[in-house]
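S.K.: Contents of run-v4.cif (mmCIF, C-alpha atoms):
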```
data_entry
#
loop_
_atom_site.label_atom_id
_atom_site.label_comp_id
_atom_site.auth_asym_id
_atom_site.auth_seq_id
_atom_site.Cartn_x
_atom_site.Cartn_y
_atom_site.Cartn_z
CA MET F 27 -246.47 93.24 37.41
CA SER F 28 -246.88 97.00 37.17
CA GLU F 29 -246.65 99.30 40.16
CA SER F 30 -250.43 99.92 40.14
CA GLU F 31 -251.13 96.16 40.03
CA ALA F 32 -248.70 95.56 42.90
CA THR F 33 -250.39 98.28 44.93
CA TYR F 34 -253.81 96.77 44.21
CA LYS F 35 -252.62 93.29 45.24
CA LYS F 36 -251.31 94.76 48.48
CA LEU F 37 -254.76 96.29 49.08
CA ILE F 38 -256.42 92.88 48.56
CA ASP F 39 -253.96 91.24 50.96
CA THR F 40 -254.49 93.94 53.58
CA ILE F 41 -258.29 93.62 53.39
CA GLY F 42 -257.98 89.84 53.58
CA PHE F 43 -255.80 90.04 56.67
CA THR F 44 -258.27 92.44 58.30
CA LEU F 45 -261.18 90.07 57.64
CA LEU F 46 -259.32 87.04 58.96
CA GLN F 47 -258.28 88.93 62.08
CA ALA F 48 -261.85 90.11 62.65
CA ARG F 49 -263.21 86.59 62.25
CA GLU F 50 -260.62 85.22 64.67
CA ASN F 51 -261.46 87.95 67.19
CA ALA F 52 -265.16 87.18 66.81
CA VAL F 53 -264.62 83.47 67.47
CA ASN F 54 -262.49 84.27 70.53
CA ALA F 55 -265.14 86.66 71.82
CA ILE F 56 -267.88 84.03 71.37
CA ASN F 57 -265.76 81.44 73.17
CA GLN F 58 -265.14 83.78 76.09
CA GLU F 59 -268.84 84.61 76.37
CA LEU F 60 -269.72 80.91 76.29
CA VAL F 61 -267.21 80.17 79.05
CA LYS F 62 -268.60 83.00 81.16
CA ALA F 63 -272.21 81.98 80.55
CA ASN F 64 -271.56 78.36 81.53
CA TRP F 65 -269.74 79.47 84.67
CA GLU F 66 -272.75 81.62 85.63
CA ILE F 67 -275.16 78.75 84.89
CA GLY F 68 -273.12 76.59 87.26
CA LYS F 69 -273.22 79.32 89.89
CA HIS F 70 -277.01 79.60 89.65
CA ILE F 71 -277.37 75.83 90.09
CA VAL F 72 -275.08 75.71 93.13
CA GLU F 73 -276.81 78.68 94.76
CA PHE F 74 -280.19 77.01 94.18
CA GLU F 75 -278.86 73.83 95.82
CA GLN F 76 -277.57 75.72 98.83
CA LYS F 77 -280.98 77.28 99.45
CA GLY F 78 -282.83 73.99 98.94
CA LYS F 79 -280.14 71.85 100.57
CA GLU F 80 -280.06 69.57 97.54
CA LYS F 81 -276.87 68.47 95.80
CA ALA F 82 -277.10 67.94 92.05
CA GLN F 83 -275.23 64.68 91.74
CA TYR F 84 -275.13 63.33 88.21
CA GLY F 85 -278.44 61.58 87.69
CA SER F 86 -280.30 63.63 90.32
CA SER F 87 -283.88 64.78 89.73
CA LEU F 88 -282.73 68.42 89.64
CA LEU F 89 -280.48 67.82 86.64
CA ASN F 90 -283.16 65.78 84.92
CA HIS F 91 -285.76 68.52 85.36
CA LEU F 92 -283.36 71.30 84.35
CA SER F 93 -282.31 69.48 81.20
CA LYS F 94 -285.86 68.77 80.15
CA ASP F 95 -287.21 72.27 80.86
CA LEU F 96 -284.25 74.20 79.41
CA LYS F 97 -284.29 72.17 76.19
CA ARG F 98 -288.00 72.80 75.81
CA GLN F 99 -287.60 76.56 76.27
CA TYR F 100 -284.17 77.26 74.74
CA GLY F 101 -283.44 74.39 72.37
CA LYS F 102 -280.40 72.10 72.15
CA GLY F 103 -277.27 72.37 74.25
CA PHE F 104 -278.84 71.58 77.60
CA GLY F 105 -278.24 67.87 77.91
CA LYS F 106 -277.87 66.54 81.45
CA SER F 107 -274.12 66.04 81.03
CA ASN F 108 -273.66 69.67 79.87
CA ILE F 109 -275.56 71.03 82.84
CA TYR F 110 -273.54 68.82 85.18
CA LEU F 111 -270.31 70.18 83.63
CA CYS F 112 -271.49 73.76 84.20
CA ARG F 113 -272.05 72.94 87.86
CA GLN F 114 -268.64 71.28 88.15
CA PHE F 115 -267.05 74.25 86.38
CA TYR F 116 -268.27 76.64 89.06
CA LEU F 117 -267.28 74.30 91.89
CA LYS F 118 -263.72 73.86 90.53
CA TYR F 119 -263.33 77.55 89.61
CA PRO F 120 -265.46 79.50 92.12
CA ILE F 121 -263.59 82.73 91.28
CA PHE F 122 -264.15 83.58 87.62
CA GLN F 123 -260.96 85.64 87.43
CA THR F 124 -258.98 82.38 87.72
CA VAL F 125 -260.49 81.15 84.44
CA SER F 126 -258.20 81.71 81.46
CA GLY F 127 -259.44 83.75 78.53
CA LYS F 128 -257.11 81.73 76.28
CA LEU F 129 -259.05 78.48 76.68
CA SER F 130 -262.41 77.60 75.16
CA TRP F 131 -265.35 75.85 76.78
CA SER F 132 -264.24 72.68 74.96
CA HIS F 133 -260.89 72.89 76.80
CA TYR F 134 -262.57 73.29 80.16
CA SER F 135 -265.08 70.52 79.42
CA GLU F 136 -262.13 68.17 78.94
CA LEU F 137 -260.21 69.49 81.95
CA LEU F 138 -263.22 68.93 84.21
CA THR F 139 -263.10 65.19 83.48
CA ILE F 140 -259.70 64.99 85.26
CA SER F 141 -260.30 64.13 88.89
CA ASP F 142 -256.75 64.75 90.14
CA HIS F 143 -256.29 68.43 90.99
CA ASN F 144 -252.55 68.48 90.25
CA ALA F 145 -252.95 66.88 86.83
CA ARG F 146 -255.80 69.24 85.92
CA GLU F 147 -253.74 72.29 86.90
CA PHE F 148 -250.81 71.04 84.82
CA TYR F 149 -252.82 70.49 81.64
CA GLU F 150 -254.54 73.85 82.04
CA SER F 151 -251.16 75.61 82.40
CA GLN F 152 -249.63 73.75 79.45
CA ALA F 153 -252.65 74.41 77.22
CA LYS F 154 -252.30 78.15 77.93
CA ASN F 155 -248.50 78.24 77.62
CA GLU F 156 -248.32 76.23 74.40
CA ASN F 157 -251.62 77.28 72.79
CA TRP F 158 -252.84 73.69 72.53
CA SER F 159 -255.90 73.03 70.44
CA ILE F 160 -258.53 70.86 72.12
CA ARG F 161 -257.34 67.93 70.00
CA GLU F 162 -253.73 68.42 71.12
CA MET F 163 -254.75 68.69 74.75
CA LYS F 164 -256.82 65.50 74.59
CA ARG F 165 -253.86 63.64 73.12
CA GLN F 166 -251.54 64.81 75.90
CA ILE F 167 -254.07 63.83 78.57
CA ASN F 168 -254.59 60.39 77.00
CA SER F 169 -250.82 59.86 76.81
CA SER F 170 -250.48 60.68 80.55
CA LEU F 171 -248.00 63.48 79.90
CA PHE F 172 -248.22 64.84 83.45
CA GLU F 173 -247.53 61.48 85.06
CA ARG F 174 -244.67 60.67 82.67
CA LEU F 175 -242.98 63.97 83.49
CA ALA F 176 -243.68 63.63 87.20
CA LEU F 177 -242.39 60.09 87.79
CA SER F 178 -238.73 61.11 87.92
CA LYS F 179 -239.32 64.06 90.27
CA ASP F 180 -239.75 64.62 94.00
CA LYS F 181 -242.91 65.90 95.69
CA GLU F 182 -241.96 69.59 95.62
CA THR F 183 -241.02 69.48 91.94
CA ILE F 184 -244.22 67.61 91.06
CA LEU F 185 -246.38 70.22 92.80
CA ASN F 186 -244.45 73.00 91.07
CA LEU F 187 -244.91 71.22 87.74
CA ALA F 188 -248.65 71.04 88.37
CA LYS F 189 -248.95 74.71 89.28
CA LYS F 190 -246.75 76.30 86.61
CA GLY F 191 -246.56 73.70 83.84
CA GLN F 192 -243.35 72.36 82.34
CA GLY F 193 -240.47 74.81 82.67
CA ILE F 194 -237.49 74.32 80.36
CA THR F 195 -234.17 75.58 81.70
CA GLU F 196 -231.84 72.61 81.25
CA ALA F 197 -231.39 69.50 79.11
CA LYS F 198 -233.22 67.06 81.39
CA ASP F 199 -236.37 69.20 81.24
CA ILE F 200 -237.05 68.16 77.62
CA ILE F 201 -236.70 64.41 78.25
CA LYS F 202 -239.60 61.97 78.53
CA ASP F 203 -239.40 58.32 79.51
CA PRO F 204 -241.18 56.66 77.88
CA TYR F 205 -242.03 58.40 74.63
CA ILE F 206 -245.47 57.41 73.34
CA PHE F 207 -245.82 56.74 69.59
CA GLU F 208 -249.41 55.51 69.50
CA PHE F 209 -250.14 58.00 66.70
CA LEU F 210 -248.11 55.81 64.31
CA GLY F 211 -250.80 53.13 64.40
CA ILE F 212 -248.26 50.28 64.63
CA PRO F 213 -249.53 47.15 66.43
CA GLU F 214 -247.77 46.59 69.75
CA GLN F 215 -246.09 43.28 68.85
CA SER F 216 -245.04 44.32 65.35
CA ILE F 217 -241.44 43.88 64.26
CA ILE F 218 -240.26 47.13 62.74
CA LYS F 219 -236.86 48.25 61.49
CA GLU F 220 -235.20 51.47 62.64
CA ARG F 221 -235.43 53.11 59.21
CA GLN F 222 -239.15 52.28 59.04
CA LEU F 223 -239.74 53.79 62.47
CA GLU F 224 -237.83 56.91 61.45
CA LYS F 225 -239.87 57.28 58.25
CA LYS F 226 -243.16 56.90 60.10
CA LEU F 227 -242.12 59.54 62.64
CA ILE F 228 -241.24 61.98 59.86
CA ASP F 229 -244.49 61.18 58.04
CA ASN F 230 -246.26 62.11 61.29
CA LEU F 231 -243.97 65.02 62.13
CA GLN F 232 -246.69 67.23 63.60
CA HIS F 233 -247.67 64.53 66.10
CA PHE F 234 -244.02 63.72 66.79
CA LEU F 235 -243.23 67.37 67.57
CA LEU F 236 -246.18 67.46 69.96
CA GLU F 237 -244.80 64.41 71.75
CA LEU F 238 -241.27 65.86 71.87
CA GLY F 239 -242.64 69.03 73.47
CA LYS F 240 -242.25 72.77 73.30
CA GLY F 241 -239.31 74.34 71.48
CA PHE F 242 -238.32 71.63 68.99
CA SER F 243 -237.68 72.59 65.35
CA PHE F 244 -236.93 69.93 62.76
CA VAL F 245 -233.55 70.22 61.00
CA ALA F 246 -232.80 66.98 59.13
CA ARG F 247 -233.07 63.20 58.95
CA GLN F 248 -230.11 60.92 58.21
CA PHE F 249 -227.72 63.81 58.85
CA LYS F 250 -224.39 62.75 57.34
CA ILE F 251 -221.11 63.37 59.15
CA THR F 252 -217.66 62.21 58.06
CA VAL F 253 -214.82 61.43 60.46
CA ASP F 254 -211.49 60.08 59.16
CA ASN F 255 -213.14 59.18 55.86
CA GLN F 256 -215.84 57.17 57.66
CA HIS F 257 -219.46 58.19 57.12
CA PHE F 258 -222.04 58.20 59.91
CA TYR F 259 -225.71 59.06 59.71
CA ILE F 260 -227.64 60.61 62.59
CA ASP F 261 -231.27 59.50 62.45
CA LEU F 262 -232.91 62.81 63.36
CA VAL F 263 -231.58 66.29 64.13
CA PHE F 264 -233.63 69.04 65.77
CA TYR F 265 -232.84 72.49 67.13
CA HIS F 266 -234.31 73.55 70.46
CA ARG F 267 -235.34 77.19 70.36
CA ILE F 268 -235.49 77.63 74.14
CA LEU F 269 -232.25 75.89 75.09
CA LYS F 270 -230.60 77.16 71.87
CA CYS F 271 -228.89 73.90 71.02
CA PHE F 272 -229.01 70.99 68.61
CA VAL F 273 -230.81 67.83 69.74
CA LEU F 274 -229.63 64.60 68.11
CA ILE F 275 -231.95 61.60 68.20
CA ASP F 276 -230.89 58.02 67.53
CA LEU F 277 -233.64 55.40 67.16
CA LYS F 278 -233.19 51.80 68.28
CA THR F 279 -235.91 49.19 67.78
CA LYS F 280 -234.14 46.78 70.16
CA LYS F 281 -232.55 47.10 73.59
CA VAL F 282 -229.91 49.82 73.73
CA LYS F 283 -226.25 48.71 73.86
CA HIS F 284 -223.21 50.48 75.30
CA GLN F 285 -221.88 50.89 71.73
CA ASP F 286 -224.96 52.99 70.91
CA ILE F 287 -224.10 55.37 73.75
CA GLY F 288 -220.48 55.59 72.57
CA GLN F 289 -221.64 56.40 69.06
CA MET F 290 -223.92 59.16 70.33
CA ASN F 291 -220.98 60.57 72.26
CA LEU F 292 -219.05 60.73 68.98
CA TYR F 293 -221.95 62.55 67.29
CA LEU F 294 -222.11 65.14 70.07
CA ASN F 295 -218.37 65.81 70.02
CA TYR F 296 -218.54 66.27 66.25
CA PHE F 297 -221.44 68.71 66.50
CA LYS F 298 -219.66 70.77 69.14
CA GLU F 299 -216.60 71.12 66.90
CA GLU F 300 -218.12 71.27 63.43
CA GLU F 301 -221.77 72.38 63.54
CA ASN F 302 -222.16 74.67 66.54
CA THR F 303 -221.93 78.38 65.85
CA GLU F 304 -221.63 81.35 68.18
CA GLY F 305 -224.52 81.38 70.66
CA ASP F 306 -225.27 77.67 70.42
CA GLY F 307 -225.29 75.66 73.63
CA GLU F 308 -223.86 72.19 73.96
CA PRO F 309 -225.82 69.67 71.88
CA ILE F 310 -228.05 67.10 73.54
CA GLY F 311 -228.23 63.43 72.56
CA ILE F 312 -231.33 61.29 73.03
CA ILE F 313 -231.34 57.58 72.29
CA ILE F 314 -234.93 56.37 72.01
CA ALA F 315 -234.98 52.58 72.24
CA LYS F 316 -237.50 49.77 72.46
CA ASP F 317 -235.92 48.72 75.75
CA LYS F 318 -232.98 49.55 78.01
CA HIS F 319 -231.06 48.16 80.95
CA GLU F 320 -230.92 50.81 83.66
CA PHE F 321 -227.52 49.78 85.05
CA LEU F 322 -225.93 49.56 81.61
CA VAL F 323 -227.13 53.08 80.83
CA LYS F 324 -225.91 54.34 84.21
CA TYR F 325 -222.41 52.92 83.80
CA ALA F 326 -222.10 53.75 80.08
CA THR F 327 -223.07 57.42 80.56
CA GLY F 328 -221.27 57.93 83.88
CA GLY F 329 -218.37 60.36 83.65
CA LEU F 330 -219.28 61.60 80.17
CA SER F 331 -219.23 65.37 79.80
CA ASN F 332 -221.80 65.27 77.01
CA LYS F 333 -225.53 65.33 77.73
CA ILE F 334 -226.77 61.88 76.70
CA PHE F 335 -230.18 60.51 77.68
CA VAL F 336 -231.67 57.10 77.00
CA SER F 337 -235.44 56.66 76.95
CA LYS F 338 -237.80 53.90 75.94
CA TYR F 339 -240.66 54.23 73.50
CA GLN F 340 -244.10 52.60 73.51
CA LEU F 341 -246.42 52.05 70.56
CA TYR F 342 -249.52 52.14 72.79
CA LEU F 343 -251.03 54.45 75.37
CA PRO F 344 -249.91 53.74 78.96
CA ASP F 345 -252.20 52.58 81.74
CA GLN F 346 -253.23 55.92 83.22
CA LYS F 347 -254.36 54.49 86.57
CA VAL F 348 -251.03 52.76 87.15
CA LEU F 349 -249.09 55.97 86.44
CA GLU F 350 -251.48 58.05 88.55
CA ASN F 351 -251.01 55.71 91.50
CA LYS F 352 -247.21 55.85 91.16
CA VAL F 353 -247.25 59.67 91.23
CA LYS F 354 -249.57 59.66 94.26
CA GLU F 355 -247.17 57.29 96.03
CA ILE F 356 -244.29 59.75 95.49
CA ILE F 357 -246.37 62.62 96.88
CA ASN F 358 -247.70 60.65 99.85
CA GLN F 359 -244.34 59.12 100.79
CA GLU F 360 -242.87 62.56 101.28
#
```
Would you kindly transcribe this structure into structure tokens?

M.R.:
Amino acid sequence: MSESEATYKKLIDTIGFTLLQARENAVNAINQELVKANWEIGKHIVEFEQKGKEKAQYGSSLLNHLSKDLKRQYGKGFGKSNIYLCRQFYLKYPIFQTVSGKLSWSHYSELLTISDHNAREFYESQAKNENWSIREMKRQINSSLFERLALSKDKETILNLAKKGQGITEAKDIIKDPYIFEFLGIPEQSIIKERQLEKKLIDNLQHFLLELGKGFSFVARQFKITVDNQHFYIDLVFYHRILKCFVLIDLKTKKVKHQDIGQMNLYLNYFKEEENTEGDGEPIGIIIAKDKHEFLVKYATGGLSNKIFVSKYQLYLPDQKVLENKVKEIINQE
């Protein structure tokens, strides 16, 4: 390619980038205007109610009349459920400055369906912090991410989690129990081998990374290490960009055994000696198993200097109500 051709190609690329950026900015601007407009619609409805002393419960005559008249005058987009959401939007966010410019109306429509204030705050914070698409946010809500993270915490930590989202400062902050693999589409009672589970997770890597959480970068599968002429294979290796350390994952499709924990300890010691470079923190080991015995895990990991965690996995979405009630019990007990 000649110098003039290279220069021309650069011009094309520059123009293309400018157009894409402009289109993205235009979409963002439209989203922000839609969010603001729907907030103001909600405000008008609430102010009308306050003057007439009528509350627009879903199914009320006010919502029915508004939907019918607005659709007749302004076209689609004014279904009763949409108008109700606008009203709820204003009631939940009475100060517009608290509404994030990073989230679309689709995000807020989904957030408004969450009745628990703490859970709603958490998902809003996480969506902003991790730039979740609406599809990603729905998946995390359906998988009860907030409740799964909250179950192992005390009241103060749960409330902090709700307000600020998931902070990652130490190894335990990246652990979930259980992990939810419903995106694999495997029937609950299916018998599956470890290598099959590993392959399906890699085939669905984008979903798996979303379930693992913020900061994970994929490194390798079946990572081979050799010790005293014996070969071992680590199922999955990731690097965590925030904690700046390797994360080794071993998959078990049966109940975890103490030998599995000992093997993970070997892997971690090897990585510290052979794979870590300057600036890397101590590696973290996660054994994700179909089942586990809490006391076995406690005694097998007790006294170990390495960071080893054992979690269960589920092939189906958890019962949200059960998890919600457990979190409420923790908050109310304290």

S.K.: Closest to Glu73 (chain F) among F:Arg113, F:Lys35, F:Ile357, F:Thr183, using only C-alpha atoms?

M.R.: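 Checking each of F:Arg113, F:Lys35, F:Ile357, F:Thr183 against Glu73 (chain F), counting only C-alpha atoms, the winner is F:Arg113.
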
S.K.: Counting only C-alpha atoms, figure out which residue out of F:Leu238, F:Leu227, F:Ala48, F:Leu117 gets nearest to Glu66 (chain F).

M.R.: F:Leu117

S.K.: Can you list, as number ranges by chain, every protein, DNA or RNA residue that comes within 9 Å of Lys278 (chain F) when you count all atoms listed in the file, leaving out same-chain residues fewer than 2 positions away?

M.R.: F: 219-220, 223, 276, 280-282, 286, 313-317

S.K.: Pull out every residue that the PyMOL selection byres ((chain F and resi 146-153) around 9) matches in the shown coordinates and put them as JSON, numbers by chain.

M.R.: {"F": [126, 128, 129, 133, 134, 137, 138, 139, 140, 141, 142, 143, 144, 145, 154, 155, 156, 157, 158, 159, 160, 162, 163, 166, 167, 171, 172, 187, 188, 189, 190, 191, 192]}

S.K.: Calculate, to one decimal in Å, the centre and edge lengths of the box along x, y and z of the file that holds all listed atoms of region 264-274 of chain F with 6 Å of margin on each side, and present them as AutoDock Vina command-line options.

M.R.:
```
--center_x -232.2 --center_y 71.1 --center_z 70.4 --size_x 18.6 --size_y 25.0 --size_z 21.3
```

S.K.: For each of F:Ser243, F:Gln232, F:Thr303, F:Ser169, take the minimum atom-to-atom distance to Leu349 (chain F), counting all atoms listed in the file, then give the residue where this is smallest.

M.R.: F:Ser169

S.K.: Could you check the closest approach to Val253 (chain F) for each of F:Leu330, F:Ile356, F:Leu292, F:Leu175 and tell me which residue wins, using all atoms listed in the file?

M.R.: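 Among the listed residues, the smallest separation from Val253 (chain F) belongs to F:Leu292.
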
S.K.: Would you write out, as a ChimeraX atom specification, every residue that the PyMOL selection byres ((chain F and resi 358) around 12) captures in this file?

M.R.: /F:180-182,184-185,351-357,359-360

S.K.: Leaving out Gly305 (chain F) and any residue of its chain fewer than 6 positions from it, which residues lie within 12 Å of it when counting only C-alpha atoms, given as a list in words?

M.R.: Arg267, Leu269, Lys270, Cys271, Phe272 and Lys298 of chain F

S.K.: Can you pull out every residue within 12 Å of Leu92 (chain F), counting all atoms listed in the file, but drop anything in the same chain fewer than 6 positions away, and send it as a list in words?

M.R.: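 What passes the distance filter is Ile67, Gly68, His70, Ile71, Phe74, Ala82, Gly85, Ser86, Arg98, Gln99, Tyr100, Gly103, Phe104, Gly105, Lys106, Ser107, Asn108, Ile109, Tyr110 and Arg113 of chain F.
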
S.K.: Taking the file as shown, find all residues satisfying the PyMOL selection byres ((chain F and resi 221) around 12) and write them as a VMD selection string.

M.R.: chain F and resid 218 to 220 222 to 228 247 to 248 259 to 262 276 to 279
